[in-house]
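With compact mmCIF, C-alpha atoms inside, this is upload12.txt:
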```
# COMPACT_ATOMS: atom_id res chain seq x y z
CA MET A 6 17.56 -22.63 -31.04
CA THR A 7 16.13 -25.96 -29.99
CA THR A 8 12.51 -25.83 -28.90
CA ILE A 9 11.40 -27.73 -25.84
CA VAL A 10 7.86 -28.40 -27.02
CA PRO A 11 7.81 -32.18 -27.61
CA THR A 12 6.85 -33.37 -31.10
CA SER A 13 6.92 -37.07 -30.20
CA GLU A 14 5.13 -39.21 -27.64
CA GLU A 15 7.76 -38.41 -24.99
CA ASP A 16 6.39 -37.18 -21.67
CA PRO A 17 6.68 -33.34 -21.57
CA PHE A 18 8.34 -33.46 -18.13
CA LEU A 19 10.93 -35.88 -19.40
CA ALA A 20 11.41 -33.76 -22.52
CA VAL A 21 12.26 -30.74 -20.36
CA VAL A 22 14.79 -32.74 -18.32
CA ARG A 23 16.40 -34.09 -21.51
CA PHE A 24 16.51 -30.62 -23.10
CA THR A 25 18.04 -28.85 -20.10
CA SER A 26 20.51 -31.62 -19.26
CA GLN A 27 21.78 -31.73 -22.87
CA LEU A 28 22.40 -27.98 -22.76
CA ALA A 29 24.01 -28.15 -19.32
CA TRP A 30 26.47 -30.84 -20.42
CA ALA A 31 26.95 -29.61 -23.98
CA ASP A 32 30.51 -28.39 -23.37
CA ALA A 33 31.68 -31.49 -21.50
CA GLY A 34 31.99 -33.74 -24.54
CA PRO A 35 29.94 -36.87 -25.43
CA GLU A 36 31.85 -39.25 -23.15
CA ALA A 37 31.15 -37.19 -20.02
CA ALA A 38 27.75 -35.86 -21.08
CA GLU A 39 25.89 -39.00 -22.16
CA PRO A 40 26.07 -40.85 -18.80
CA GLU A 41 24.89 -37.75 -16.90
CA ILE A 42 22.04 -37.05 -19.32
CA THR A 43 20.97 -40.70 -19.10
CA ARG A 44 21.11 -40.59 -15.30
CA LEU A 45 19.02 -37.45 -15.05
CA CYS A 46 16.42 -38.76 -17.49
CA ARG A 47 16.26 -42.07 -15.58
CA GLU A 48 15.71 -40.22 -12.28
CA ALA A 49 12.95 -38.17 -13.93
CA GLU A 50 11.27 -41.31 -15.31
CA GLU A 51 11.40 -43.00 -11.90
CA SER A 52 9.82 -39.94 -10.25
CA ILE A 53 7.06 -39.84 -12.88
CA VAL A 54 6.25 -43.52 -12.49
CA ALA A 55 6.26 -43.29 -8.68
CA GLU A 56 4.36 -39.97 -8.81
CA LYS A 57 7.02 -38.31 -6.70
CA TRP A 58 6.14 -34.88 -8.06
CA LEU A 59 8.10 -32.86 -5.52
CA GLU A 60 11.32 -34.72 -6.33
CA LEU A 61 10.64 -34.24 -10.03
CA ALA A 62 10.01 -30.51 -9.56
CA THR A 63 13.29 -30.14 -7.66
CA LEU A 64 15.19 -31.94 -10.40
CA MET A 65 13.56 -29.91 -13.18
CA VAL A 66 14.02 -26.43 -11.68
CA THR A 67 17.63 -27.18 -10.77
CA SER A 68 18.36 -28.23 -14.35
CA ALA A 69 16.44 -25.27 -15.77
CA GLU A 70 18.37 -22.71 -13.73
CA LEU A 71 21.69 -24.18 -14.85
CA VAL A 72 20.90 -23.25 -18.45
CA SER A 73 18.58 -20.24 -18.02
CA SER A 74 21.24 -17.80 -19.25
CA LYS A 75 21.94 -19.93 -22.32
CA ILE A 76 18.41 -20.17 -23.74
CA SER A 77 15.98 -17.69 -25.24
CA GLU A 78 13.15 -16.11 -23.26
CA LYS A 79 10.67 -18.17 -25.26
CA ASP A 80 12.37 -21.44 -24.34
CA LEU A 81 12.73 -20.44 -20.70
CA GLU A 82 9.04 -19.55 -20.51
CA CYS A 83 8.06 -22.85 -22.14
CA THR A 84 10.34 -24.76 -19.77
CA TYR A 85 8.80 -23.18 -16.69
CA THR A 86 5.27 -23.48 -18.06
CA ILE A 87 5.73 -27.25 -18.04
CA ILE A 88 7.47 -27.24 -14.66
CA CYS A 89 4.75 -25.11 -13.06
CA SER A 90 2.04 -27.40 -14.40
CA LEU A 91 3.35 -30.04 -11.97
CA VAL A 92 1.33 -28.39 -9.19
CA LYS A 93 -1.83 -29.73 -10.81
CA ASN A 94 -0.63 -33.29 -10.19
CA VAL A 95 -0.31 -32.80 -6.43
CA LYS A 96 -3.32 -33.44 -4.18
CA ASN A 97 -1.76 -33.04 -0.74
CA PRO A 98 -1.94 -29.36 0.37
CA GLU A 99 1.31 -29.60 2.33
CA GLU A 100 3.12 -30.99 -0.71
CA VAL A 101 1.65 -28.20 -2.85
CA LEU A 102 3.19 -25.65 -0.47
CA GLU A 103 6.56 -27.41 -0.58
CA MET A 104 6.52 -27.59 -4.37
CA VAL A 105 5.55 -23.94 -4.69
CA LYS A 106 8.38 -22.99 -2.35
CA VAL A 107 10.90 -24.97 -4.43
CA ILE A 108 9.72 -23.62 -7.81
CA SER A 109 9.19 -19.97 -6.82
CA SER A 110 12.51 -19.79 -4.95
CA LYS A 111 14.40 -20.96 -8.03
CA ILE A 112 12.52 -18.57 -10.32
CA ALA A 113 13.36 -15.59 -8.09
CA GLN A 114 16.94 -16.75 -7.48
CA GLN A 115 18.48 -14.87 -10.43
CA PRO A 116 16.67 -11.49 -10.60
CA SER A 117 19.29 -9.99 -12.92
CA ASP A 118 18.55 -12.60 -15.60
CA LYS A 119 15.32 -11.94 -17.55
CA ALA A 120 13.61 -10.36 -14.53
CA SER A 121 10.38 -9.30 -16.26
CA LEU A 122 9.96 -12.78 -17.76
CA ARG A 123 10.56 -14.42 -14.39
CA LEU A 124 7.89 -12.17 -12.89
CA LYS A 125 5.50 -13.27 -15.63
CA ILE A 126 6.30 -16.93 -14.87
CA LEU A 127 5.50 -16.36 -11.18
CA PHE A 128 2.17 -14.80 -12.15
CA ASN A 129 1.41 -17.84 -14.31
CA LEU A 130 2.25 -20.12 -11.39
CA TYR A 131 -0.03 -18.05 -9.15
CA ASN A 132 -2.94 -18.50 -11.56
CA LEU A 133 -2.42 -22.27 -11.68
CA LEU A 134 -2.86 -22.61 -7.92
CA ASP A 135 -6.06 -23.25 -6.00
CA HIS A 136 -4.39 -23.28 -2.58
CA PRO A 137 -4.86 -19.77 -1.00
CA TYR A 138 -1.71 -19.79 1.12
CA ALA A 139 0.38 -21.13 -1.74
CA ARG A 140 -0.81 -18.17 -3.79
CA PHE A 141 0.29 -15.84 -1.01
CA GLN A 142 3.76 -17.42 -1.01
CA VAL A 143 4.12 -16.91 -4.76
CA TYR A 144 2.96 -13.30 -4.49
CA MET A 145 5.58 -12.59 -1.82
CA LYS A 146 8.28 -14.04 -4.08
CA ALA A 147 7.01 -11.83 -6.88
CA LEU A 148 7.38 -8.75 -4.67
CA THR A 149 10.97 -9.70 -3.81
CA LEU A 150 11.80 -10.36 -7.45
CA ALA A 151 10.24 -7.08 -8.55
CA VAL A 152 12.51 -5.10 -6.20
CA ASP A 153 15.69 -7.12 -6.76
CA GLY A 154 15.16 -7.24 -10.53
CA LYS A 155 14.14 -3.56 -10.74
CA VAL A 156 10.85 -4.37 -12.47
CA THR A 157 8.44 -2.96 -9.87
CA GLU A 158 6.35 -1.26 -12.55
CA TYR A 159 4.91 -4.65 -13.52
CA ILE A 160 3.47 -5.40 -10.08
CA VAL A 161 2.32 -2.02 -8.74
CA SER A 162 -1.10 -2.26 -10.42
CA SER A 163 -1.92 -5.37 -8.37
CA PHE A 164 -1.76 -3.38 -5.11
CA LYS A 165 -5.24 -1.99 -5.80
CA LYS A 166 -6.58 -5.52 -5.27
CA ILE A 167 -4.80 -6.18 -1.96
CA ASP A 168 -8.02 -6.04 0.10
CA ASN A 169 -9.56 -8.74 -2.10
CA PHE A 170 -6.36 -10.79 -1.91
CA LEU A 171 -6.38 -10.62 1.88
CA LYS A 172 -9.92 -12.00 1.98
CA GLU A 173 -8.91 -14.81 -0.37
CA TRP A 174 -5.63 -15.73 1.32
CA ASN A 175 -7.00 -15.45 4.89
CA ILE A 176 -3.50 -14.90 6.29
CA ASP A 177 -2.61 -14.13 9.91
CA ILE A 178 -1.27 -10.87 11.35
CA LYS A 179 2.39 -11.84 10.95
CA ASP A 180 1.92 -12.59 7.26
CA GLN A 181 -0.06 -9.36 6.80
CA ARG A 182 2.80 -7.53 8.46
CA GLU A 183 5.29 -9.07 6.04
CA LEU A 184 3.05 -8.28 3.07
CA PHE A 185 2.44 -4.61 3.94
CA LEU A 186 6.13 -3.95 4.55
CA ALA A 187 7.12 -5.66 1.29
CA ILE A 188 4.61 -3.55 -0.66
CA ALA A 189 5.80 -0.37 1.06
CA ASN A 190 9.35 -1.26 0.01
CA VAL A 191 8.26 -1.79 -3.59
CA LEU A 192 6.48 1.55 -3.69
CA ARG A 193 9.43 3.25 -2.05
CA GLU A 194 11.38 2.70 -5.27
CA ASN A 195 9.03 5.10 -7.09
CA LYS A 196 9.15 8.71 -5.90
CA SER A 197 5.74 9.46 -7.43
CA LEU A 198 4.13 6.83 -5.17
CA VAL A 199 5.24 8.25 -1.80
CA LYS A 200 1.65 8.56 -0.55
CA GLU A 201 0.87 4.93 -1.39
CA SER A 202 4.14 3.80 0.20
CA LEU A 203 3.32 5.65 3.43
CA ASN A 204 -0.20 4.20 3.37
CA PHE A 205 1.11 0.60 3.36
CA LEU A 206 3.81 1.45 5.89
CA THR A 207 1.04 2.77 8.16
CA LYS A 208 -0.92 -0.47 7.63
CA TYR A 209 2.22 -2.38 8.62
CA LEU A 210 2.66 -0.35 11.82
CA ALA A 211 -1.04 -0.74 12.65
CA THR A 212 -0.59 -4.53 12.87
CA PHE A 213 1.43 -3.99 16.07
CA SER A 214 -1.45 -2.31 17.92
CA ASN A 215 -2.11 -5.24 20.26
CA GLU A 216 1.48 -6.34 20.81
CA ASP A 217 3.68 -6.13 23.89
CA ALA A 218 6.76 -3.93 24.24
CA LYS A 219 9.14 -6.65 23.04
CA VAL A 220 7.28 -7.15 19.77
CA LEU A 221 6.72 -3.41 19.36
CA ASP A 222 10.46 -2.94 19.40
CA GLU A 223 10.64 -4.79 16.06
CA ALA A 224 8.71 -1.95 14.44
CA LYS A 225 10.83 0.89 15.81
CA GLU A 226 13.00 1.44 12.73
CA GLU A 227 10.01 1.38 10.38
CA ALA A 228 8.13 3.76 12.68
CA VAL A 229 10.99 6.25 12.34
CA ARG A 230 11.00 5.73 8.59
CA ALA A 231 7.26 6.45 8.42
CA VAL A 232 7.60 9.70 10.36
CA ILE A 233 10.48 10.92 8.20
CA GLU A 234 8.63 9.98 5.00
CA PHE A 235 5.59 11.94 6.16
CA VAL A 236 7.64 15.01 7.08
CA LYS A 237 9.55 14.89 3.78
CA ALA A 238 6.46 14.45 1.59
CA SER A 239 5.54 17.88 0.26
CA SER A 240 2.05 16.78 -0.82
CA ILE A 241 0.97 14.80 2.27
CA PHE A 242 -0.55 16.85 5.08
CA GLN A 243 -2.53 14.26 7.03
CA CYS A 244 -1.62 10.91 8.58
CA ASP A 245 -2.75 8.55 11.33
CA LEU A 246 0.67 7.77 12.78
CA LEU A 247 0.64 9.74 16.02
CA ASN A 248 -1.53 7.41 18.11
CA LEU A 249 -0.25 4.09 16.76
CA PRO A 250 1.52 2.15 19.56
CA ALA A 251 4.39 1.34 17.21
CA VAL A 252 5.00 5.07 16.71
CA ALA A 253 4.01 6.25 20.20
CA GLN A 254 6.82 4.14 21.70
CA LEU A 255 9.30 6.56 20.14
CA GLU A 256 8.23 9.28 22.59
CA THR A 257 10.06 7.60 25.48
CA ASP A 258 12.97 6.26 23.44
CA ALA A 259 16.28 7.93 24.22
CA LYS A 260 17.43 7.84 20.61
CA TYR A 261 14.19 8.49 18.72
CA ALA A 262 12.26 10.84 21.03
CA PRO A 263 13.04 13.86 18.78
CA VAL A 264 11.46 11.99 15.85
CA TYR A 265 8.19 11.65 17.73
CA GLN A 266 8.40 15.26 18.87
CA LEU A 267 8.79 16.39 15.26
CA LEU A 268 5.75 14.33 14.18
CA LYS A 269 3.70 15.85 16.99
CA ILE A 270 4.67 19.34 15.85
CA PHE A 271 3.68 18.62 12.25
CA LEU A 272 0.30 17.18 13.26
CA THR A 273 -0.77 19.31 16.20
CA GLN A 274 1.27 22.52 16.44
CA ARG A 275 2.25 25.59 14.46
CA LEU A 276 5.33 27.09 12.84
CA ASN A 277 6.67 28.71 16.01
CA ALA A 278 6.92 25.26 17.67
CA TYR A 279 8.87 23.93 14.67
CA THR A 280 11.23 26.92 14.78
CA GLU A 281 11.96 26.28 18.45
CA PHE A 282 12.57 22.58 17.71
CA GLN A 283 14.91 23.38 14.83
CA ASN A 284 16.93 25.82 16.93
CA ALA A 285 17.33 23.23 19.69
CA ASN A 286 18.09 20.32 17.30
CA SER A 287 20.10 21.90 14.50
CA ASP A 288 21.87 18.66 13.49
CA PHE A 289 18.75 16.51 13.70
CA LEU A 290 17.18 17.43 10.35
CA GLN A 291 20.40 16.89 8.45
CA SER A 292 20.94 13.45 10.02
CA TYR A 293 17.63 12.29 8.48
CA GLY A 294 18.02 14.05 5.16
CA LEU A 295 15.41 16.72 5.98
CA ILE A 296 15.72 20.22 4.51
CA ASP A 297 14.78 23.10 6.80
CA GLU A 298 13.34 25.24 4.00
CA ASP A 299 11.01 22.42 2.90
CA CYS A 300 9.92 21.80 6.49
CA VAL A 301 9.14 25.50 7.00
CA THR A 302 7.05 25.55 3.81
CA LYS A 303 5.02 22.56 4.94
CA MET A 304 4.61 23.91 8.46
CA ARG A 305 3.32 27.23 7.13
CA LEU A 306 0.61 25.42 5.19
CA LEU A 307 -0.26 23.24 8.17
CA SER A 308 -0.35 26.28 10.44
CA LEU A 309 -2.75 27.97 8.04
CA VAL A 310 -4.97 24.87 8.18
CA ASP A 311 -4.90 25.11 11.95
CA LEU A 312 -6.01 28.75 11.81
CA ALA A 313 -8.75 27.87 9.31
CA SER A 314 -10.16 25.19 11.59
CA ASP A 315 -11.43 27.87 13.99
CA GLU A 316 -15.19 27.48 14.49
CA SER A 317 -15.88 31.10 13.51
CA GLY A 318 -14.79 30.41 9.94
CA LYS A 319 -13.08 33.80 9.69
CA VAL A 320 -9.32 34.32 9.84
CA PRO A 321 -7.84 37.85 9.87
CA TYR A 322 -4.94 38.52 7.52
CA ALA A 323 -2.95 39.74 10.52
CA SER A 324 -3.26 36.35 12.24
CA ILE A 325 -2.01 34.60 9.11
CA ARG A 326 0.90 37.03 8.82
CA ASP A 327 1.99 36.53 12.41
CA THR A 328 1.45 32.76 12.55
CA LEU A 329 3.18 32.03 9.24
CA GLN A 330 5.92 34.60 9.94
CA VAL A 331 5.54 36.27 6.55
CA THR A 332 5.06 39.81 5.28
CA GLU A 333 1.64 41.33 4.56
CA LYS A 334 2.28 41.04 0.82
CA GLU A 335 2.86 37.29 1.16
CA VAL A 336 -0.36 36.48 3.05
CA GLU A 337 -2.56 36.01 -0.02
CA LEU A 338 0.21 34.02 -1.74
CA TRP A 339 0.12 31.45 1.10
CA ILE A 340 -3.67 31.36 1.04
CA VAL A 341 -3.55 30.53 -2.67
CA LYS A 342 -0.94 27.82 -1.99
CA ALA A 343 -3.24 26.25 0.61
CA ILE A 344 -6.18 26.35 -1.80
CA THR A 345 -4.05 24.81 -4.58
CA ALA A 346 -3.00 22.01 -2.21
CA LYS A 347 -6.72 21.45 -1.49
CA LEU A 348 -6.16 22.09 2.19
CA ILE A 349 -8.84 24.75 2.45
CA ASP A 350 -11.77 26.21 0.53
CA CYS A 351 -12.24 29.90 1.22
CA LYS A 352 -12.89 33.41 -0.05
CA MET A 353 -10.56 36.34 0.49
CA ASP A 354 -12.28 39.49 1.69
CA GLN A 355 -9.59 42.00 0.75
CA MET A 356 -11.68 44.96 1.88
CA ASN A 357 -11.92 43.68 5.46
CA GLN A 358 -8.62 41.78 5.36
CA VAL A 359 -10.31 38.53 6.36
CA VAL A 360 -10.38 34.98 4.97
CA ILE A 361 -13.83 33.36 5.06
CA VAL A 362 -13.30 29.59 5.32
CA SER A 363 -15.93 27.11 4.08
CA ARG A 364 -13.85 23.93 4.46
CA CYS A 365 -10.48 22.87 5.79
CA SER A 366 -8.63 19.55 5.98
CA GLU A 367 -7.85 17.69 9.18
CA ARG A 368 -4.17 17.25 10.04
CA GLU A 369 -4.94 13.98 11.80
CA PHE A 370 -8.10 11.94 12.17
CA GLY A 371 -8.21 10.50 15.67
CA THR A 372 -10.77 10.23 18.47
CA THR A 373 -11.38 13.99 18.63
CA GLN A 374 -12.08 14.21 14.92
CA TRP A 375 -14.41 11.21 15.01
CA GLN A 376 -16.30 12.79 17.92
CA SER A 377 -16.60 16.05 16.00
CA LEU A 378 -17.86 14.20 12.94
CA ARG A 379 -20.38 12.34 15.08
CA THR A 380 -21.69 15.63 16.50
CA LYS A 381 -21.98 17.16 13.04
CA LEU A 382 -23.81 14.10 11.68
CA ALA A 383 -26.20 14.14 14.65
CA THR A 384 -26.94 17.83 14.02
CA TRP A 385 -27.43 17.13 10.34
CA ARG A 386 -29.80 14.25 11.16
CA ASP A 387 -31.83 16.44 13.53
CA ASN A 388 -32.06 19.21 10.95
CA ILE A 389 -33.23 16.77 8.28
CA ALA A 390 -35.85 15.40 10.70
CA ILE A 391 -37.16 18.93 11.32
CA ILE A 392 -37.35 19.63 7.59
CA ILE A 393 -39.23 16.38 6.94
CA SER A 394 -41.62 17.12 9.82
CA THR A 395 -42.27 20.62 8.45
CA ILE A 396 -42.93 19.26 4.95
CA GLU A 397 -45.33 16.64 6.31
CA SER A 398 -47.21 19.28 8.37
CA ASN A 399 -47.51 21.58 5.38
CA LYS A 400 -48.71 18.67 3.28
CA VAL A 401 -51.49 17.83 5.76
CA THR A 402 -52.56 21.49 5.95
CA GLU A 403 -52.58 21.78 2.18
CA GLU A 404 -54.66 18.60 1.74
CA GLY A 405 -57.14 19.90 4.33
CA SER A 406 -57.49 23.21 2.50
CA GLN A 407 -58.07 21.41 -0.81
CA ALA A 408 -60.80 19.22 0.77
CA SER A 409 -62.61 22.27 2.16
CA SER A 410 -62.51 24.03 -1.20
CA SER A 411 -63.91 21.03 -3.11
CA SER A 412 -66.86 20.58 -0.70
CA ALA A 413 -67.93 24.25 -0.75
CA PRO A 414 -69.95 24.19 -4.04
CA ALA A 415 -71.92 21.15 -2.94
CA ILE A 416 -72.92 22.84 0.32
CA GLN A 417 -73.91 26.01 -1.49
CA GLY A 418 -76.21 24.01 -3.84
CA LEU A 419 -78.32 22.48 -1.07
CA SER A 420 -81.82 23.92 -0.37
CA VAL A 421 -84.43 23.29 2.31
CA ARG A 422 -87.93 22.55 1.20
```

For this file, write the structure as C-alpha cells.
Amino acid sequence: MTTIVPTSEEDPFLAVVRFTSQLAWADAGPEAAEPEITRLCREAEESIVAEKWLELATLMVTSAELVSSKISEKDLECTYTIICSLVKNVKNPEEVLEMVKVISSKIAQQPSDKASLRLKILFNLYNLLDHPYARFQVYMKALTLAVDGKVTEYIVSSFKKIDNFLKEWNIDIKDQRELFLAIANVLRENKSLVKESLNFLTKYLATFSNEDAKVLDEAKEEAVRAVIEFVKASSIFQCDLLNLPAVAQLETDAKYAPVYQLLKIFLTQRLNAYTEFQNANSDFLQSYGLIDEDCVTKMRLLSLVDLASDESGKVPYASIRDTLQVTEKEVELWIVKAITAKLIDCKMDQMNQVVIVSRCSEREFGTTQWQSLRTKLATWRDNIAIIISTIESNKVTEEGSQASSSSAPAIQGLSVR
C-alpha cells in the first residue's frame, strides 16, 4: 500500500491531493486520469500559493472521502492528520468555523466505514483547535458519529467532563439544549446507563424553564420520554421532573395528561393510587411498553419509602402490609428489598412488629424538601452552638478552679509579724 507521508520536498498538502486523486482515477486509465490528476494538483497549488485554506480543505476532504474505502486505516489517518492541520494556517475565527464544519462533516459522513478511526480523527481535530465554539462543533459531530457508527463506548467517558467543557465553550441555551439531548441519545443506546441518560434528558428539559408555551411545545415528546424512562427504570426512585415547565405542560395536554398523572403517582402517591390508575387506563401501559408487574414492584418500594418518611420513625408491620397489599409473611421481604435498594436504613423489631427507621430517601427534591433540609440544618446549627457554648463555659469554670487551687499554698504560707 502506498504511503502518503512525503519523502521528497513536495508540500504535504499537495502530496495528499496527488495521492488521493491517483487512487480515485486509478481505474479510468492513463489517458483519462492524468489530466484530472494534473488539474486537481494545480488547483491545490493555486490555493496554497494564494493561502485560500478553506478552498484547499474542501478539495482535500472531497478527494479523501472518494478513496476512504480503498485505503488502509493507517493511510486514512495520515491523510486526515494532514488535512486537519490546515486549521493552524487560518487566523480568521469565522473561517476556522467554516473549515471545521467542512472537515468534520466529511469525516462523519460515512459512519459505517471505519467508524472508530473516524471518531479518533475528530478527537485529533478537536485537540488542534483553539477556538472554543469550533471545538463544540467538532464534539457534536463526534456524538452523531458515535451513534450512527455504533461506537458510543469510545465517547461515553468524556461525559464526566461536560461541566468543564461548558465553561470552556461558553455556549448559549440553545446549544446546551442540543448538547444535552445528543448525550442523552448516546447513553440511551446502553441499557446499563439509564440513570445517566435520564440525568442528561432532565438537564435538556430544564433548559426550557424560562420559555413560552410555543417553545415549550418543542420539548413535549422528550418530556414524555423522560417520564416513561423514569417509570421503567427499576433502580431509579427519585427524579426532579415533576415541577419542570417542560413536563408540567403535559398535565393539561389532551393526549399526554395520563403520562403526567402517572409521574405524579410515582413521585407523590402510593400503590392504591397506581392500582386505580391502571384499572382506569388498562391500555395505557402497554402503549408505552410498560409492564404492570414491574410498575407494581416499584410502587410498593416507593410506598414503603413514603411510610418510612413519617416523622415518628416507626412503621407498624400492619401498615406496610395494608399499604403494599401483601401478606404478613411478605412484609419483611419488602423491607429487605427497600434496604437493598438503599431506599431506607432501618431495624426490624419483630417482637413488637415495628420497623424503626433511621433514614429514608426522598422521592423528589423540590421546594418542600429544600425547606425541610433548611429547617434541619438550622436545628443542627443551633445545637452545635449550644454545645460550643457549654464547652466554653465548662472551660472557664475549670480554669477558675485550677487558679484557686494553685494560689492556696501561697496564702497558707503567709504569716503576720

List the neighbours of region 99-114 of chain A out to 8 Å using all atoms listed in the file; skip same-chain residues closer than 5 positions along the sequence, and give me the result as a ChimeraX atom specification.
-> /A:59,62-63,66-67,70,89,92,123,126-127,136,138-139,142-143,146-147,149-150

Could the residues in this selection be saved with C-alpha atoms as a JSON list (two decimals), in the coordinates of the input?
```
[["chain", "number", "residue", "atom", "x", "y", "z"],
["A", 59, "LEU", "CA", 8.10, -32.86, -5.52],
["A", 62, "ALA", "CA", 10.01, -30.51, -9.56],
["A", 63, "THR", "CA", 13.29, -30.14, -7.66],
["A", 66, "VAL", "CA", 14.02, -26.43, -11.68],
["A", 67, "THR", "CA", 17.63, -27.18, -10.77],
["A", 70, "GLU", "CA", 18.37, -22.71, -13.73],
["A", 89, "CYS", "CA", 4.75, -25.11, -13.06],
["A", 92, "VAL", "CA", 1.33, -28.39, -9.19],
["A", 123, "ARG", "CA", 10.56, -14.42, -14.39],
["A", 126, "ILE", "CA", 6.30, -16.93, -14.87],
["A", 127, "LEU", "CA", 5.50, -16.36, -11.18],
["A", 136, "HIS", "CA", -4.39, -23.28, -2.58],
["A", 138, "TYR", "CA", -1.71, -19.79, 1.12],
["A", 139, "ALA", "CA", 0.38, -21.13, -1.74],
["A", 142, "GLN", "CA", 3.76, -17.42, -1.01],
["A", 143, "VAL", "CA", 4.12, -16.91, -4.76],
["A", 146, "LYS", "CA", 8.28, -14.04, -4.08],
["A", 147, "ALA", "CA", 7.01, -11.83, -6.88],
["A", 149, "THR", "CA", 10.97, -9.70, -3.81],
["A", 150, "LEU", "CA", 11.80, -10.36, -7.45]]
```

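Using only C-alpha atoms, the contacts of region 325-330 of chain A at a cut-off of 8 Å, with sequence neighbours closer than 4 positions omitted, comprise Arg275, Leu276, Asn277, Arg305, Ser308, Leu309, Leu312, Val320, Pro321, Glu335 and Val336 of chain A.
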
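For the choices A:Leu348, A:Cys244, A:Leu255, A:Asn195, the atom-to-atom distance to Leu221 (chain A) is smallest for A:Leu255 when using all atoms listed in the file.
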
Kindly indicate which residue among A:Ala313, A:Leu91, A:Leu81, A:Ala323 lies nearest to Ala343 (chain A), using all atoms listed in the file for the distances.
-> A:Ala313

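Nearest residue to Lys347 (chain A), choosing from A:Lys96, A:Arg23, A:Arg364, A:Lys334 and counting only C-alpha atoms: A:Arg364.
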
For Leu148 (chain A), which residue among A:Val21, A:Ile160, A:Leu382, A:Ala69 is the nearest when counting all atoms listed in the file?
-> A:Ile160

Which neighbours of Phe164 (chain A) fall inside 12 Å, counting only C-alpha atoms, when residues of the same chain fewer than 6 positions from it are skipped, and could you give them as a PyMOL selection string?
-> chain A and resi 144+148+157-158+170-171+184-185+187-189+191-192+198+201-202+204-205

Contacts of region 73-79 of chain A at 12 Å (all atoms listed in the file; same-chain gap of 6+ positions) as a VMD selection string = chain A and resid 6 to 10 24 to 31 65 to 67 85 to 86 111 to 112 114 to 123 125 to 126

Extract region 102-113 of chain A from the preceding block and save N, CA and C atoms as a compact mmCIF listing (two decimals), in the first residue's frame.
```txt
# COMPACT_ATOMS: atom_id res chain seq x y z
N LEU A 102 -14.27 28.35 11.77
CA LEU A 102 -15.56 27.67 11.94
C LEU A 102 -16.03 27.02 10.64
N GLU A 103 -15.87 27.74 9.53
CA GLU A 103 -16.27 27.19 8.24
C GLU A 103 -15.44 25.97 7.87
N MET A 104 -14.14 26.05 8.11
CA MET A 104 -13.26 24.93 7.79
C MET A 104 -13.58 23.71 8.65
N VAL A 105 -13.81 23.95 9.92
CA VAL A 105 -14.15 22.86 10.84
C VAL A 105 -15.45 22.19 10.40
N LYS A 106 -16.40 22.99 9.98
CA LYS A 106 -17.68 22.46 9.52
C LYS A 106 -17.48 21.56 8.30
N VAL A 107 -16.65 22.01 7.36
CA VAL A 107 -16.39 21.25 6.14
C VAL A 107 -15.69 19.93 6.46
N ILE A 108 -14.62 20.00 7.27
CA ILE A 108 -13.83 18.81 7.57
C ILE A 108 -14.62 17.81 8.41
N SER A 109 -15.23 18.28 9.50
CA SER A 109 -15.93 17.37 10.41
C SER A 109 -17.15 16.73 9.75
N SER A 110 -17.83 17.49 8.88
CA SER A 110 -18.99 16.93 8.18
C SER A 110 -18.60 15.78 7.28
N LYS A 111 -17.48 15.94 6.58
CA LYS A 111 -16.99 14.87 5.69
C LYS A 111 -16.54 13.65 6.48
N ILE A 112 -15.88 13.89 7.62
CA ILE A 112 -15.39 12.77 8.43
C ILE A 112 -16.57 11.94 8.94
N ALA A 113 -17.63 12.62 9.35
CA ALA A 113 -18.80 11.92 9.93
C ALA A 113 -19.78 11.43 8.87
```
